[in-house]
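Working notes for the structure below.
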Amino acid sequence: MAPANPSVAPEKQPQGATGVLVLADGTVLWGIGYGASGAGVGEICFNTSMTGYQEILTDPSYAGQIITFTFPHIGNVGANPEDMEREKRAAIGCITRELPTHPSSFRSVQTLPDWMASQGLIGLAGIDTRALTRRIRDGGAPTGVVAHSPEGKFDLDKLLMLAQGWPGLEGMDLAKTVTRERQGSWDAGVWHLGSGYEGSDHKRAGDPAPHVVAVDYGAKDNIFRNLVKAGARVTVVPAKTSLDEIMALRPAGVFLSNGPGDPAATGEYAVPVIKGLLERNVPIFGICLGHQMLGIAAGAKTVKMHQGHRGANHPVQRAEDGVVEITSMNHGFAVDAATLPKGVVETHKSLFDGSNCGIEVTGKQAFSVQYHPEASPGPQDSFYLFEKFVQGLG
């Protein structure tokens with residue numbers, strides 16, 4: 001099968017190339033493969049974070065995506081079990097400028113390529129990530145296939161067909177593929193040097209801890225750790241948990257997590273539950289996908305973004321006082337501020353492009369933000385949101 005655009009026909013495979021990126025328009029980029037062998041298809045995005053590659057690769061919000069890291073030094077602190085945001089990966093793989101070097105960190109227990117191989121993540125190095133990032137910025141996030149073969153054997157026609165046959169993230173409910181399968185309590189607080197996650201972040205014995213039911217649409221574990229640090233007792237439930245099942249847990253408040261895919265698709269089963277919580281005046285705090293679905297439940301609409309926001313340096317301004325927070329972001333959809341109905345106010349906006357980054361429902365104890373106040377990786381400017389939510393539960 002010929003490429004869809006003959007002007008970007010694949011150049012001859014360079015000697016020693018063991019990895020390749022094939023875009024749906026026929027563009028072929030050769031490099032050095034590492035991590036797991038095989039091929040994976042998804043949306044190509046870029047992340048500007050200078051640290052935290054392991055947390056990024058295990059963030060369930062990246063399901064269906066191949067991450068281009070703009071920072072050149074990826075892999076130089078290795079990998080360890082403490083820095084995983086979930087037990088298994090959700091991303092397809094990553095693209096880097098340089099092949100990861102031997103790690104230099106007292107916390108490292110594996111090289112990044114070895115860890116990626118154990119996780120089924122495909123890596124591709126030797127790519128001009130600056131040029132690829134500009135392409136995404138100008139033309140939007142393309143569909144592509146990343147492939148790694150230690151023998152350097154590739155069927156480009158098959159890979160191109162795979163890329164062209166992938167439907168894209170719009171209309172795709174990926175939360176159901178990454179959510180926890182069963183309900184459970186969460187006890188661990190945030191990580192501390194020397195004690196890991198064993199350090200106590202709970203309130204003192206005898207102090208009442210408000211019960212937060214956290215709906216997992218693809219949550220990062222550090223969100224639950226920060227809820228504990230803020231003083232909550234946390235129960236995590238799967239994405240499709242019904243309103244009656246949530247209310248049976250007698251929550252003081254409900255948390256709506258981040259997650260991958262199209263919020264309108266996940267919202268088919270999640271939004272009716274959120275509307276029910278609003279009708280019962282249950283306090284709500286949402287992040288990322290949870291923010292988008294709270295917006296839909298309140299009457300707004302969401303849109304697919306041109307390139308999305310992914311990084312740990314995104315400036316967001318608070319409407320109430322003009323304070324600017326530097327935030328961590330990972331999203332390809334957004335609440336359309338122009339569709340916010342009466343009774344829903346915009347609380348935060350991006351200073352990069354003016355897109356909506358926070359809402360609050362008037363007369364309800366319900367608010368949400370588009371960014372990630374739990375960081376991991378990223379700045380910790382926004383931890384106050386966990387305290388605002390938990391302390392408001394009484």
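Chain labels A, B, ... are given in the sequence in which chains occur in the structure tokens; within each chain residues are numbered consecutively from 1, and ligands are likewise numbered from 1 in the order shown.
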Fewer than 3 positions away in the same chain doesn't count, so skip those; otherwise give me all residues within 9 Å of Gly33 of chain A, counting only C-alpha atoms, as number ranges by chain.
A: 17-20, 36-37, 99, 122-126, 147-150, 152
Please determine, counting only C-alpha atoms, which residue among A:Thr133, A:Gln164, A:Ser382, A:Asn313 has the shortest atom-to-atom distance to Val41 of chain A.
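That would be A:Gln164, the residue with the smallest distance to Val41 of chain A.
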From the list A:Gly194, A:Pro167, A:Pro142, A:Gly295, which residue is nearest Gly308 of chain A when using only C-alpha atoms?
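Once distances to Gly308 of chain A are computed over only C-alpha atoms, the minimum belongs to A:Pro142.
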Quick one: distance from atom CA of Leu132 of chain A to atom CA of Asp353 of chain A in Å, one decimal?
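Computing it gives 20.7 Å between the two atoms.
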Please provide as a list in words all residues within 10 Å of Glu82 of chain A, with the sequence filter that same-chain residues fewer than 3 positions apart are discarded (counting only C-alpha atoms).
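So, after excluding close chain neighbours, the residues are Gln54, Glu55, Ala79, Glu85, Arg86, Arg107, Ser108, Trp191, Gly196 and Tyr197 of chain A.
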